[in-house]
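Student: My questions all concern the structure below.
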Amino acid sequence: MERRERGESHPVHDFLFEYYNLSPGALERWHPGLDVALADAPEYR
């Protein structure tokens with residue numbers, strides 16, 4: 001059974017989605033995905 005279905009909270013996940021007011025779907029659309037690098041920023045590889 002899912003945590004949400006049981007009514008249990010998750011301190012970190014709940015805080016992030018309340019504070020930033022993003023749905024999981026919006027967060028997926030915003031995130032560029034794995035293996036995406038910044039142009040001209042080798043220090044962040």
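Please note that chains go A, B, ... in the order of the structure tokens, that every chain numbers its residues from 1, and that ligands are numbered from 1 in the order shown.
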Identify all residues of chain A in helix (DSSP H, G or I) (DSSP on the backbone) and supply them as a list in words.

Tutor: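 Taking chain A and keeping helix (DSSP H, G or I) gives Arg3, Arg4, Glu5, Arg6, Pro11, Val12, His13, Asp14, Phe15, Leu16, Phe17, Glu18, Tyr19, Pro24, Gly25, Ala26, Leu27, Glu28, Arg29, Trp30, Pro42, Glu43 and Tyr44 of chain A.
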
Student: Could the residues in this selection be written to a file with N, CA and C atoms, as a PDB file, in the first residue's frame?

Tutor:
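Written file, part.pdb:
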```
ATOM      1  N   ARG A   3       2.304   4.966   0.687  1.00  0.00           N
ATOM      2  CA  ARG A   3       2.364   5.814   1.886  1.00  0.00           C
ATOM      3  C   ARG A   3       1.231   6.824   1.893  1.00  0.00           C
ATOM      4  N   ARG A   4       0.987   7.429   0.748  1.00  0.00           N
ATOM      5  CA  ARG A   4      -0.058   8.452   0.634  1.00  0.00           C
ATOM      6  C   ARG A   4      -1.434   7.847   0.895  1.00  0.00           C
ATOM      7  N   GLU A   5      -1.659   6.646   0.397  1.00  0.00           N
ATOM      8  CA  GLU A   5      -2.955   5.982   0.610  1.00  0.00           C
ATOM      9  C   GLU A   5      -3.191   5.685   2.086  1.00  0.00           C
ATOM     10  N   ARG A   6      -2.102   5.412   2.802  1.00  0.00           N
ATOM     11  CA  ARG A   6      -2.230   5.143   4.241  1.00  0.00           C
ATOM     12  C   ARG A   6      -2.359   6.428   5.043  1.00  0.00           C
ATOM     13  N   PRO A  11       8.315  13.816   5.631  1.00  0.00           N
ATOM     14  CA  PRO A  11       8.716  15.177   5.993  1.00  0.00           C
ATOM     15  C   PRO A  11       9.398  15.951   4.864  1.00  0.00           C
ATOM     16  N   VAL A  12      10.270  15.314   4.120  1.00  0.00           N
ATOM     17  CA  VAL A  12      11.008  16.029   3.072  1.00  0.00           C
ATOM     18  C   VAL A  12      10.135  16.242   1.848  1.00  0.00           C
ATOM     19  N   HIS A  13       9.526  15.172   1.345  1.00  0.00           N
ATOM     20  CA  HIS A  13       8.696  15.284   0.141  1.00  0.00           C
ATOM     21  C   HIS A  13       7.539  16.254   0.354  1.00  0.00           C
ATOM     22  N   ASP A  14       6.853  16.128   1.464  1.00  0.00           N
ATOM     23  CA  ASP A  14       5.717  17.008   1.726  1.00  0.00           C
ATOM     24  C   ASP A  14       6.157  18.471   1.823  1.00  0.00           C
ATOM     25  N   PHE A  15       7.288  18.706   2.487  1.00  0.00           N
ATOM     26  CA  PHE A  15       7.788  20.079   2.586  1.00  0.00           C
ATOM     27  C   PHE A  15       8.105  20.650   1.210  1.00  0.00           C
ATOM     28  N   LEU A  16       8.819  19.900   0.383  1.00  0.00           N
ATOM     29  CA  LEU A  16       9.217  20.401  -0.935  1.00  0.00           C
ATOM     30  C   LEU A  16       8.012  20.734  -1.799  1.00  0.00           C
ATOM     31  N   PHE A  17       7.019  19.853  -1.825  1.00  0.00           N
ATOM     32  CA  PHE A  17       5.868  20.103  -2.689  1.00  0.00           C
ATOM     33  C   PHE A  17       4.955  21.196  -2.141  1.00  0.00           C
ATOM     34  N   GLU A  18       4.959  21.402  -0.819  1.00  0.00           N
ATOM     35  CA  GLU A  18       4.182  22.509  -0.261  1.00  0.00           C
ATOM     36  C   GLU A  18       4.927  23.836  -0.449  1.00  0.00           C
ATOM     37  N   TYR A  19       6.232  23.830  -0.199  1.00  0.00           N
ATOM     38  CA  TYR A  19       7.015  25.069  -0.269  1.00  0.00           C
ATOM     39  C   TYR A  19       7.144  25.562  -1.708  1.00  0.00           C
ATOM     40  N   PRO A  24       4.257  16.668  -8.982  1.00  0.00           N
ATOM     41  CA  PRO A  24       5.283  15.778  -9.517  1.00  0.00           C
ATOM     42  C   PRO A  24       5.385  15.859 -11.045  1.00  0.00           C
ATOM     43  N   GLY A  25       4.263  16.013 -11.724  1.00  0.00           N
ATOM     44  CA  GLY A  25       4.279  16.127 -13.181  1.00  0.00           C
ATOM     45  C   GLY A  25       4.980  17.395 -13.647  1.00  0.00           C
ATOM     46  N   ALA A  26       4.741  18.504 -12.957  1.00  0.00           N
ATOM     47  CA  ALA A  26       5.407  19.754 -13.316  1.00  0.00           C
ATOM     48  C   ALA A  26       6.902  19.665 -13.057  1.00  0.00           C
ATOM     49  N   LEU A  27       7.279  18.982 -11.984  1.00  0.00           N
ATOM     50  CA  LEU A  27       8.685  18.811 -11.692  1.00  0.00           C
ATOM     51  C   LEU A  27       9.366  17.968 -12.767  1.00  0.00           C
ATOM     52  N   GLU A  28       8.713  16.924 -13.249  1.00  0.00           N
ATOM     53  CA  GLU A  28       9.273  16.100 -14.324  1.00  0.00           C
ATOM     54  C   GLU A  28       9.442  16.914 -15.601  1.00  0.00           C
ATOM     55  N   ARG A  29       8.507  17.773 -15.909  1.00  0.00           N
ATOM     56  CA  ARG A  29       8.615  18.599 -17.121  1.00  0.00           C
ATOM     57  C   ARG A  29       9.737  19.622 -16.984  1.00  0.00           C
ATOM     58  N   TRP A  30       9.979  20.117 -15.766  1.00  0.00           N
ATOM     59  CA  TRP A  30      11.003  21.121 -15.542  1.00  0.00           C
ATOM     60  C   TRP A  30      12.402  20.520 -15.595  1.00  0.00           C
ATOM     61  N   PRO A  42      32.243  23.153 -17.301  1.00  0.00           N
ATOM     62  CA  PRO A  42      32.864  21.843 -17.026  1.00  0.00           C
ATOM     63  C   PRO A  42      32.972  21.548 -15.526  1.00  0.00           C
ATOM     64  N   GLU A  43      32.951  22.574 -14.684  1.00  0.00           N
ATOM     65  CA  GLU A  43      33.056  22.315 -13.237  1.00  0.00           C
ATOM     66  C   GLU A  43      31.816  21.632 -12.671  1.00  0.00           C
ATOM     67  N   TYR A  44      30.720  21.580 -13.436  1.00  0.00           N
ATOM     68  CA  TYR A  44      29.489  20.935 -12.976  1.00  0.00           C
ATOM     69  C   TYR A  44      29.231  19.591 -13.635  1.00  0.00           C
TER      70      TYR A  44
END
```
